[in-house]
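Pasted below: run_11.pdb, PDB, C-alpha atoms and all ligand atoms.
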ATOM      1  CA  MET A 155       0.000   0.000   0.000  1.00  0.00           C
ATOM      2  CA  LYS A 156       1.464   3.326  -1.049  1.00  0.00           C
ATOM      3  CA  LYS A 157       0.634   6.347   1.017  1.00  0.00           C
ATOM      4  CA  ASP A 158       0.239   9.826  -0.404  1.00  0.00           C
ATOM      5  CA  VAL A 159       3.586  11.566  -0.317  1.00  0.00           C
ATOM      6  CA  ALA A 160       3.594  15.003   1.222  1.00  0.00           C
ATOM      7  CA  LYS A 161       5.548  17.009  -1.264  1.00  0.00           C
ATOM      8  CA  TYR A 162       4.150  20.505  -1.590  1.00  0.00           C
ATOM      9  CA  ILE A 163       4.951  23.640   0.302  1.00  0.00           C
ATOM     10  CA  TYR A 164       1.689  25.490   0.509  1.00  0.00           C
ATOM     11  CA  ILE A 165       1.546  29.244   0.646  1.00  0.00           C
ATOM     12  CA  LEU A 166      -1.682  30.116   2.372  1.00  0.00           C
ATOM     13  CA  LEU A 167      -3.037  33.589   1.745  1.00  0.00           C
ATOM     14  CA  ILE A 168      -5.066  34.735   4.737  1.00  0.00           C
ATOM     15  CA  GLY A 169      -6.901  37.867   3.641  1.00  0.00           C
ATOM     16  CA  ASP A 170      -6.094  40.188   0.784  1.00  0.00           C
ATOM     17  CA  VAL A 171      -2.392  39.440   0.472  1.00  0.00           C
ATOM     18  CA  GLU A 172      -2.244  39.709  -3.304  1.00  0.00           C
ATOM     19  CA  LYS A 173      -3.224  43.351  -3.158  1.00  0.00           C
ATOM     20  CA  LEU A 174       0.036  43.990  -1.309  1.00  0.00           C
ATOM     21  CA  VAL A 175       2.618  41.631  -2.818  1.00  0.00           C
ATOM     22  CA  ASN A 176       3.342  39.788  -6.039  1.00  0.00           C
ATOM     23  CA  ILE A 177       3.046  36.295  -4.658  1.00  0.00           C
ATOM     24  CA  ARG A 178       4.454  34.573  -7.771  1.00  0.00           C
ATOM     25  CA  GLU A 179       7.622  36.601  -7.365  1.00  0.00           C
ATOM     26  CA  VAL A 180       7.872  35.517  -3.752  1.00  0.00           C
ATOM     27  CA  GLU A 181       7.276  31.879  -4.673  1.00  0.00           C
ATOM     28  CA  GLU A 182      10.004  32.044  -7.327  1.00  0.00           C
ATOM     29  CA  ASN A 183      12.443  33.352  -4.732  1.00  0.00           C
ATOM     30  CA  LEU A 184      11.784  30.446  -2.388  1.00  0.00           C
ATOM     31  CA  ARG A 185      12.741  27.922  -5.034  1.00  0.00           C
ATOM     32  CA  ARG A 186      16.476  27.960  -4.397  1.00  0.00           C
ATOM     33  CA  GLU A 187      16.406  26.838  -0.766  1.00  0.00           C
ATOM     34  CA  PHE A 188      13.133  24.950  -0.801  1.00  0.00           C
ATOM     35  CA  GLY A 189      13.112  22.967  -4.016  1.00  0.00           C
ATOM     36  CA  PHE A 190       9.699  21.481  -3.359  1.00  0.00           C
ATOM     37  CA  PRO A 191       6.893  22.589  -5.625  1.00  0.00           C
ATOM     38  CA  LYS A 192       4.659  25.278  -4.167  1.00  0.00           C
ATOM     39  CA  LYS A 193       0.939  25.645  -4.208  1.00  0.00           C
ATOM     40  CA  ILE A 194      -0.849  28.864  -3.433  1.00  0.00           C
ATOM     41  CA  LEU A 195      -4.116  28.597  -1.563  1.00  0.00           C
ATOM     42  CA  ASN A 196      -6.639  31.149  -0.413  1.00  0.00           C
ATOM     43  CA  SER A 197      -7.565  30.532   3.188  1.00  0.00           C
ATOM     44  CA  LYS A 198     -11.086  30.534   4.540  1.00  0.00           C
ATOM     45  CA  ILE A 199      -9.785  31.619   7.932  1.00  0.00           C
ATOM     46  CA  ASP A 200     -11.279  34.901   9.072  1.00  0.00           C
ATOM     47  CA  PRO A 201      -8.574  36.818  10.986  1.00  0.00           C
ATOM     48  CA  GLU A 202     -11.299  38.763  12.808  1.00  0.00           C
ATOM     49  CA  ASP A 203     -12.015  35.600  14.846  1.00  0.00           C
ATOM     50  CA  PHE A 204      -8.570  36.044  16.395  1.00  0.00           C
ATOM     51  CA  TYR A 205      -8.653  39.774  17.040  1.00  0.00           C
ATOM     52  CA  ASP A 206      -7.803  40.958  20.515  1.00  0.00           C
ATOM     53  CA  PRO A 207      -9.612  44.284  21.016  1.00  0.00           C
ATOM     54  CA  GLU A 208      -7.427  45.291  23.954  1.00  0.00           C
ATOM     55  CA  ARG A 209      -4.188  44.814  22.066  1.00  0.00           C
ATOM     56  CA  ARG A 210      -5.695  45.697  18.686  1.00  0.00           C
ATOM     57  CA  GLN A 211      -3.703  42.842  17.223  1.00  0.00           C
ATOM     58  CA  TYR A 212      -4.304  39.276  16.130  1.00  0.00           C
ATOM     59  CA  HIS A 213      -3.338  36.169  18.106  1.00  0.00           C
ATOM     60  CA  SER A 214      -0.674  34.403  16.093  1.00  0.00           C
ATOM     61  CA  THR A 215      -0.659  31.046  17.894  1.00  0.00           C
ATOM     62  CA  LYS A 216      -4.431  30.692  17.631  1.00  0.00           C
ATOM     63  CA  ILE A 217      -4.277  31.322  13.887  1.00  0.00           C
ATOM     64  CA  LEU A 218      -1.502  28.715  13.554  1.00  0.00           C
ATOM     65  CA  LYS A 219      -3.721  26.210  15.342  1.00  0.00           C
ATOM     66  CA  GLU A 220      -6.586  27.013  13.040  1.00  0.00           C
ATOM     67  CA  MET A 221      -4.291  26.554  10.033  1.00  0.00           C
ATOM     68  CA  LEU A 222      -3.517  23.002  11.167  1.00  0.00           C
ATOM     69  CA  ASP A 223      -7.111  22.038  10.424  1.00  0.00           C
ATOM     70  CA  ASP A 224      -6.634  23.160   6.834  1.00  0.00           C
ATOM     71  CA  VAL A 225      -3.364  21.403   6.009  1.00  0.00           C
ATOM     72  CA  PRO A 226      -3.935  19.448   2.775  1.00  0.00           C
ATOM     73  CA  PRO A 227      -2.804  15.784   2.801  1.00  0.00           C
ATOM     74  CA  ASP A 228      -0.097  16.420   0.203  1.00  0.00           C
ATOM     75  CA  ALA A 229       1.385  19.347   2.138  1.00  0.00           C
ATOM     76  CA  LEU A 230       4.937  19.018   3.360  1.00  0.00           C
ATOM     77  CA  ARG A 231       4.705  22.392   5.037  1.00  0.00           C
ATOM     78  CA  MET A 232       2.244  25.258   4.981  1.00  0.00           C
ATOM     79  CA  ILE A 233       3.205  28.882   5.469  1.00  0.00           C
ATOM     80  CA  GLY A 234       0.543  31.526   5.966  1.00  0.00           C
ATOM     81  CA  ILE A 235       0.841  35.149   4.912  1.00  0.00           C
ATOM     82  CA  ILE A 236      -1.461  37.620   6.611  1.00  0.00           C
ATOM     83  CA  PRO A 237      -1.739  41.426   6.295  1.00  0.00           C
ATOM     84  CA  VAL A 238      -2.676  42.055   9.942  1.00  0.00           C
ATOM     85  CA  ASP A 239      -0.381  42.664  12.916  1.00  0.00           C
ATOM     86  CA  LEU A 240       0.301  39.528  14.987  1.00  0.00           C
ATOM     87  CA  PHE A 241       1.140  38.998  18.643  1.00  0.00           C
ATOM     88  CA  ILE A 242       1.832  36.270  21.145  1.00  0.00           C
ATOM     89  CA  PRO A 243       0.976  37.052  24.761  1.00  0.00           C
ATOM     90  CA  ILE A 244       4.591  37.441  26.003  1.00  0.00           C
ATOM     91  CA  LEU A 245       5.677  39.802  23.208  1.00  0.00           C
ATOM     92  CA  THR A 246       4.466  43.183  21.973  1.00  0.00           C
ATOM     93  CA  PHE A 247       4.355  41.814  18.429  1.00  0.00           C
ATOM     94  CA  VAL A 248       5.789  39.106  16.186  1.00  0.00           C
ATOM     95  CA  PHE A 249       6.861  39.299  12.540  1.00  0.00           C
ATOM     96  CA  GLY A 250       5.867  35.663  12.357  1.00  0.00           C
ATOM     97  CA  GLU A 251       5.630  32.382  14.210  1.00  0.00           C
ATOM     98  CA  ALA A 252       6.147  28.722  13.391  1.00  0.00           C
ATOM     99  CA  GLN A 253       5.955  25.303  14.957  1.00  0.00           C
ATOM    100  CA  LEU A 254       9.508  24.152  15.563  1.00  0.00           C
ATOM    101  CA  GLY A 255       9.862  20.983  13.520  1.00  0.00           C
ATOM    102  CA  GLY A 256       6.158  21.181  12.742  1.00  0.00           C
ATOM    103  CA  THR A 257       3.989  21.718   9.728  1.00  0.00           C
ATOM    104  CA  VAL A 258       2.834  25.310   9.816  1.00  0.00           C
ATOM    105  CA  GLY A 259       4.216  28.813  10.086  1.00  0.00           C
ATOM    106  CA  ILE A 260       2.849  32.296   9.541  1.00  0.00           C
ATOM    107  CA  VAL A 261       4.271  35.681   8.557  1.00  0.00           C
ATOM    108  CA  SER A 262       2.617  39.069   9.026  1.00  0.00           C
ATOM    109  CA  LEU A 263       2.980  41.779   6.417  1.00  0.00           C
ATOM    110  CA  ALA A 264       1.940  44.566   8.780  1.00  0.00           C
ATOM    111  CA  ARG A 265       5.364  45.573  10.113  1.00  0.00           C
ATOM    112  CA  LEU A 266       7.208  44.690   6.929  1.00  0.00           C
ATOM    113  CA  ARG A 267       5.506  47.560   5.139  1.00  0.00           C
ATOM    114  CA  GLN A 268       7.180  50.952   5.085  1.00  0.00           C
ATOM    115  CA  GLU A 269       3.767  52.541   5.706  1.00  0.00           C
ATOM    116  CA  PHE A 270       3.809  51.108   9.226  1.00  0.00           C
ATOM    117  CA  TYR A 271       6.753  53.438   9.996  1.00  0.00           C
ATOM    118  CA  ASN A 272       5.121  56.385   8.220  1.00  0.00           C
ATOM    119  CA  LEU A 273       7.447  55.983   5.241  1.00  0.00           C
ATOM    120  CA  PRO A 274       6.500  55.899   1.562  1.00  0.00           C
ATOM    121  CA  PRO A 275       5.554  52.445   0.230  1.00  0.00           C
ATOM    122  CA  ASN A 276       8.341  50.297  -1.212  1.00  0.00           C
ATOM    123  CA  GLN A 277       7.182  47.146  -2.942  1.00  0.00           C
ATOM    124  CA  THR A 278      10.668  45.748  -3.583  1.00  0.00           C
ATOM    125  CA  LEU A 279      11.691  46.177   0.032  1.00  0.00           C
ATOM    126  CA  LEU A 280       8.426  44.663   1.263  1.00  0.00           C
ATOM    127  CA  GLU A 281       8.927  41.554  -0.859  1.00  0.00           C
ATOM    128  CA  ARG A 282      12.576  41.245   0.146  1.00  0.00           C
ATOM    129  CA  ARG A 283      11.564  41.370   3.807  1.00  0.00           C
ATOM    130  CA  LEU A 284       8.714  38.926   3.264  1.00  0.00           C
ATOM    131  CA  ILE A 285      11.009  36.381   1.581  1.00  0.00           C
ATOM    132  CA  LYS A 286      13.437  36.581   4.512  1.00  0.00           C
ATOM    133  CA  GLU A 287      10.665  36.061   7.027  1.00  0.00           C
ATOM    134  CA  ILE A 288       9.091  33.173   5.099  1.00  0.00           C
ATOM    135  CA  LYS A 289      12.483  31.465   4.851  1.00  0.00           C
ATOM    136  CA  HIS A 290      13.028  32.056   8.563  1.00  0.00           C
ATOM    137  CA  GLU A 291       9.675  30.543   9.589  1.00  0.00           C
ATOM    138  CA  LEU A 292      10.047  27.645   7.141  1.00  0.00           C
ATOM    139  CA  GLY A 293      13.497  27.086   8.656  1.00  0.00           C
ATOM    140  CA  HIS A 294      11.834  26.709  12.076  1.00  0.00           C
ATOM    141  CA  THR A 295       9.364  24.165  10.682  1.00  0.00           C
ATOM    142  CA  PHE A 296      12.364  22.188   9.446  1.00  0.00           C
ATOM    143  CA  GLY A 297      13.768  22.170  12.981  1.00  0.00           C
ATOM    144  CA  LEU A 298      16.187  25.109  12.760  1.00  0.00           C
ATOM    145  CA  VAL A 299      16.580  27.361  15.799  1.00  0.00           C
ATOM    146  CA  HIS A 300      17.911  30.936  15.930  1.00  0.00           C
ATOM    147  CA  CYS A 301      21.405  31.380  14.568  1.00  0.00           C
ATOM    148  CA  PRO A 302      24.074  33.635  16.150  1.00  0.00           C
ATOM    149  CA  LEU A 303      25.360  34.733  12.737  1.00  0.00           C
ATOM    150  CA  ARG A 304      23.850  38.089  11.794  1.00  0.00           C
ATOM    151  CA  GLU A 305      24.149  37.393   8.072  1.00  0.00           C
ATOM    152  CA  CYS A 306      22.086  34.211   8.413  1.00  0.00           C
ATOM    153  CA  VAL A 307      18.362  34.353   7.703  1.00  0.00           C
ATOM    154  CA  MET A 308      17.834  32.317  10.906  1.00  0.00           C
ATOM    155  CA  SER A 309      19.214  35.114  13.084  1.00  0.00           C
ATOM    156  CA  VAL A 310      16.646  36.669  15.372  1.00  0.00           C
ATOM    157  CA  ALA A 311      14.964  39.915  14.341  1.00  0.00           C
ATOM    158  CA  ASN A 312      13.342  42.092  16.973  1.00  0.00           C
ATOM    159  CA  THR A 313      13.007  45.199  14.837  1.00  0.00           C
ATOM    160  CA  ILE A 314      12.595  45.974  11.173  1.00  0.00           C
ATOM    161  CA  LEU A 315      16.224  47.168  11.194  1.00  0.00           C
ATOM    162  CA  ASP A 316      17.253  43.643  12.223  1.00  0.00           C
ATOM    163  CA  VAL A 317      15.192  42.229   9.354  1.00  0.00           C
ATOM    164  CA  ASP A 318      16.925  44.546   6.895  1.00  0.00           C
ATOM    165  CA  ALA A 319      20.367  43.909   8.374  1.00  0.00           C
ATOM    166  CA  LYS A 320      20.247  40.132   8.190  1.00  0.00           C
ATOM    167  CA  GLY A 321      20.990  38.167   5.053  1.00  0.00           C
ATOM    168  CA  SER A 322      18.387  36.397   2.980  1.00  0.00           C
ATOM    169  CA  SER A 323      20.243  33.068   2.901  1.00  0.00           C
ATOM    170  CA  PHE A 324      21.011  30.307   5.361  1.00  0.00           C
ATOM    171  CA  CYS A 325      24.584  30.120   6.678  1.00  0.00           C
ATOM    172  CA  GLU A 326      26.554  26.936   5.959  1.00  0.00           C
ATOM    173  CA  SER A 327      25.661  25.159   9.184  1.00  0.00           C
ATOM    174  CA  CYS A 328      21.964  26.087   8.995  1.00  0.00           C
ATOM    175  CA  LYS A 329      21.932  25.019   5.353  1.00  0.00           C
ATOM    176  CA  ASP A 330      23.439  21.629   6.249  1.00  0.00           C
ATOM    177  CA  LEU A 331      20.842  21.024   8.917  1.00  0.00           C
ATOM    178  CA  LEU A 332      18.069  22.224   6.623  1.00  0.00           C
ATOM    179  CA  LEU A 333      19.109  19.816   3.869  1.00  0.00           C
ATOM    180  CA  ARG A 334      19.395  16.962   6.327  1.00  0.00           C
ATOM    181  CA  ASN A 335      15.979  17.691   7.818  1.00  0.00           C
ATOM    182  CA  GLN A 336      14.362  18.157   4.414  1.00  0.00           C
ATOM    183  CA  LYS A 337      15.280  14.554   3.620  1.00  0.00           C
ATOM    184  CA  LYS A 338      13.621  13.191   6.722  1.00  0.00           C
ATOM    185  CA  PRO A 339      10.401  11.302   6.116  1.00  0.00           C
ATOM    186  CA  VAL A 340       7.437  13.549   6.733  1.00  0.00           C
ATOM    187  CA  GLY A 341       3.703  13.444   6.566  1.00  0.00           C
ATOM    188  CA  LEU A 342       2.981  13.156  10.260  1.00  0.00           C
ATOM    189  CA  LYS A 343       1.372  16.141  11.838  1.00  0.00           C
ATOM    190  CA  PRO A 344       2.565  17.165  15.280  1.00  0.00           C
TER     191      PRO A 344
HETATM  192 ZN    ZN B 401      12.525  32.825  14.713  1.00  0.00          ZN
HETATM  193 ZN    ZN B 402      22.696  30.136  10.451  1.00  0.00          ZN
END

Since I need it in another form, could you write the structure as structure tokens?
Amino acid sequence: MKKDVAKYIYILLIGDVEKLVNIREVEENLRREFGFPKKILNSKIDPEDFYDPERRQYHSTKILKEMLDDVPPDALRMIGIIPVDLFIPILTFVFGEAQLGGTVGIVSLARLRQEFYNLPPNQTLLERRLIKEIKHELGHTFGLVHCPLRECVMSVANTILDVDAKGSSFCESCKDLLLRNQKKPVGLKP
């Protein structure tokens, strides 16, 4: 009996993401490090269900949990992109979140946009930042933790300056681990 092989990285659009970024461009950029074919899906998740009126932000971990219910059987990993600002209770905000060694991750566009800092829009910069953050969260789903090397995409970013300062690639040791973990049999959800 042959089981379905999980082989796609799904990009899940939660809300009107395509109004803000050219998602095909982003997908193309992910090809080098994540050779798996990608599928783009529109999510039925309503972010408003996860709005915290006191914080005026959206609960990242709860959205991740909700995403787990929507993981298609042929998905190796699924990464959500959402326009709204995300938080987890112990932090003022997060650029994104992922299950370490799990299936799903999410990235928020809110603080990657120049408009958030009262600066003129910059599409190229937004997409560059988004690609870094998607790679970072996908790295976590493949078991990678934060890297001390500033040039590595797995280095921690607490501010948008950190995002811009770090590189968009994995350092040698992160790359090794990523390749090793990508070969591991998958298909089991955490
Ligand atoms: Zn991280
Ligand atoms: Zn690294």

Taking all atoms listed in the file into account, report as a compact mmCIF listing (two decimals) with C-alpha atoms, keeping the file's coordinate frame which residues have an atom no farther than 8 Å from an atom of ligand ZN 401 (chain B).
# COMPACT_ATOMS: atom_id res chain seq x y z
CA GLY A 250 5.87 35.66 12.36
CA GLU A 251 5.63 32.38 14.21
CA ALA A 252 6.15 28.72 13.39
CA HIS A 290 13.03 32.06 8.56
CA GLU A 291 9.68 30.54 9.59
CA HIS A 294 11.83 26.71 12.08
CA VAL A 299 16.58 27.36 15.80
CA HIS A 300 17.91 30.94 15.93
CA MET A 308 17.83 32.32 10.91
CA SER A 309 19.21 35.11 13.08
CA VAL A 310 16.65 36.67 15.37
CA ALA A 311 14.96 39.92 14.34

Do you know which residues are within 10 Å of ligand ZN 402 (chain B) using all atoms listed in the file? Can you write them as a CSV table (one decimal) with C-alpha atoms, keeping the file's coordinate frame?
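Once written, selection.csv looks like this:
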chain,number,residue,atom,x,y,z
A,293,GLY,CA,13.5,27.1,8.7
A,298,LEU,CA,16.2,25.1,12.8
A,299,VAL,CA,16.6,27.4,15.8
A,300,HIS,CA,17.9,30.9,15.9
A,301,CYS,CA,21.4,31.4,14.6
A,302,PRO,CA,24.1,33.6,16.2
A,303,LEU,CA,25.4,34.7,12.7
A,304,ARG,CA,23.8,38.1,11.8
A,305,GLU,CA,24.1,37.4,8.1
A,306,CYS,CA,22.1,34.2,8.4
A,307,VAL,CA,18.4,34.4,7.7
A,308,MET,CA,17.8,32.3,10.9
A,309,SER,CA,19.2,35.1,13.1
A,321,GLY,CA,21.0,38.2,5.1
A,323,SER,CA,20.2,33.1,2.9
A,324,PHE,CA,21.0,30.3,5.4
A,325,CYS,CA,24.6,30.1,6.7
A,326,GLU,CA,26.6,26.9,6.0
A,327,SER,CA,25.7,25.2,9.2
A,328,CYS,CA,22.0,26.1,9.0
A,329,LYS,CA,21.9,25.0,5.4
A,330,ASP,CA,23.4,21.6,6.2
A,331,LEU,CA,20.8,21.0,8.9
A,332,LEU,CA,18.1,22.2,6.6

Separation of CA of Phe204 in chain A and CA of Ile233 in chain A, in Å?
17.6 Å

Nearest to Lys193 in chain A, chosen from A:Asp223, A:Met232, A:Glu179, A:His213, with only C-alpha atoms counted in the distances
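That would be A:Met232, the residue with the smallest distance to Lys193 in chain A.
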
Quote the spacing between CA of Leu333 in chain A and CA of Gln253 in chain A in Å to one decimal place.
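Distance reported for this atom pair: 18.1 Å.
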
Could you spell out the hits of the PyMOL selection byres (((chain A and resi 314) around 10) and not hetatm) on the shown file, as a short mmCIF file (atom, residue, chain, number, x, y, z; two decimals) with C-alpha atoms, keeping the file's coordinate frame?
data_model
loop_
_atom_site.label_atom_id
_atom_site.label_comp_id
_atom_site.auth_asym_id
_atom_site.auth_seq_id
_atom_site.Cartn_x
_atom_site.Cartn_y
_atom_site.Cartn_z
CA PHE A 249 6.86 39.30 12.54
CA ARG A 265 5.36 45.57 10.11
CA LEU A 266 7.21 44.69 6.93
CA ARG A 267 5.51 47.56 5.14
CA GLN A 268 7.18 50.95 5.08
CA TYR A 271 6.75 53.44 10.00
CA ARG A 283 11.56 41.37 3.81
CA ALA A 311 14.96 39.92 14.34
CA ASN A 312 13.34 42.09 16.97
CA THR A 313 13.01 45.20 14.84
CA LEU A 315 16.22 47.17 11.19
CA ASP A 316 17.25 43.64 12.22
CA VAL A 317 15.19 42.23 9.35
CA ASP A 318 16.92 44.55 6.90
CA ALA A 319 20.37 43.91 8.37
#

Using the chain letters and numbers from the file, which residues does the PyMOL selection byres (((chain A and resi 202) around 12) and not hetatm) grab, as an MDAnalysis selection string?
chainID A and resid 168:169 198:201 203:207 210:214 216:217 236:240

Would you be able to write out as a list in words which residues have an atom within 7 Å of (-4.9, 34.1, -1.5) in the file's coordinates, counting only C-alpha atoms?
Leu166, Leu167, Ile168, Gly169, Asp170, Val171, Glu172, Ile194, Leu195, Asn196 and Ser197 of chain A

Since we have the selection now, will you write its residues out, keeping C-alpha atoms, as a short mmCIF file (atom, residue, chain, number, x, y, z; two decimals), keeping the file's coordinate frame?
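Result file out.cif:
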data_model
loop_
_atom_site.label_atom_id
_atom_site.label_comp_id
_atom_site.auth_asym_id
_atom_site.auth_seq_id
_atom_site.Cartn_x
_atom_site.Cartn_y
_atom_site.Cartn_z
CA LEU A 166 -1.68 30.12 2.37
CA LEU A 167 -3.04 33.59 1.74
CA ILE A 168 -5.07 34.74 4.74
CA GLY A 169 -6.90 37.87 3.64
CA ASP A 170 -6.09 40.19 0.78
CA VAL A 171 -2.39 39.44 0.47
CA GLU A 172 -2.24 39.71 -3.30
CA ILE A 194 -0.85 28.86 -3.43
CA LEU A 195 -4.12 28.60 -1.56
CA ASN A 196 -6.64 31.15 -0.41
CA SER A 197 -7.56 30.53 3.19
#

Using all atoms listed in the file, can you tell me which of A:Ala229, A:Ile163, A:Ile242, A:Ile260 comes closest to Glu287 in chain A?
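Under the stated criterion, the closest residue is A:Ile260.
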
Dig up all the protein and nucleic acid residues within 8 Å of (1.8, 22.5, 10.7) in the file frame, using only C-alpha atoms, and format them as a list in words.
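Here the neighbourhood of the point contains Leu218, Met221, Leu222, Val225, Arg231, Met232, Gln253, Gly256, Thr257, Val258, Gly259, Thr295, Lys343 and Pro344 of chain A.
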
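The closest residue to Arg209 in chain A, picked from A:Phe241, A:Gln336, A:Ser262, A:Gly255 and counting all atoms listed in the file, is A:Phe241.
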
What is the CA of Thr215 in chain A-CA of Gly297 in chain A distance in Å, reported with one decimal?
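So the answer is 17.6 Å.
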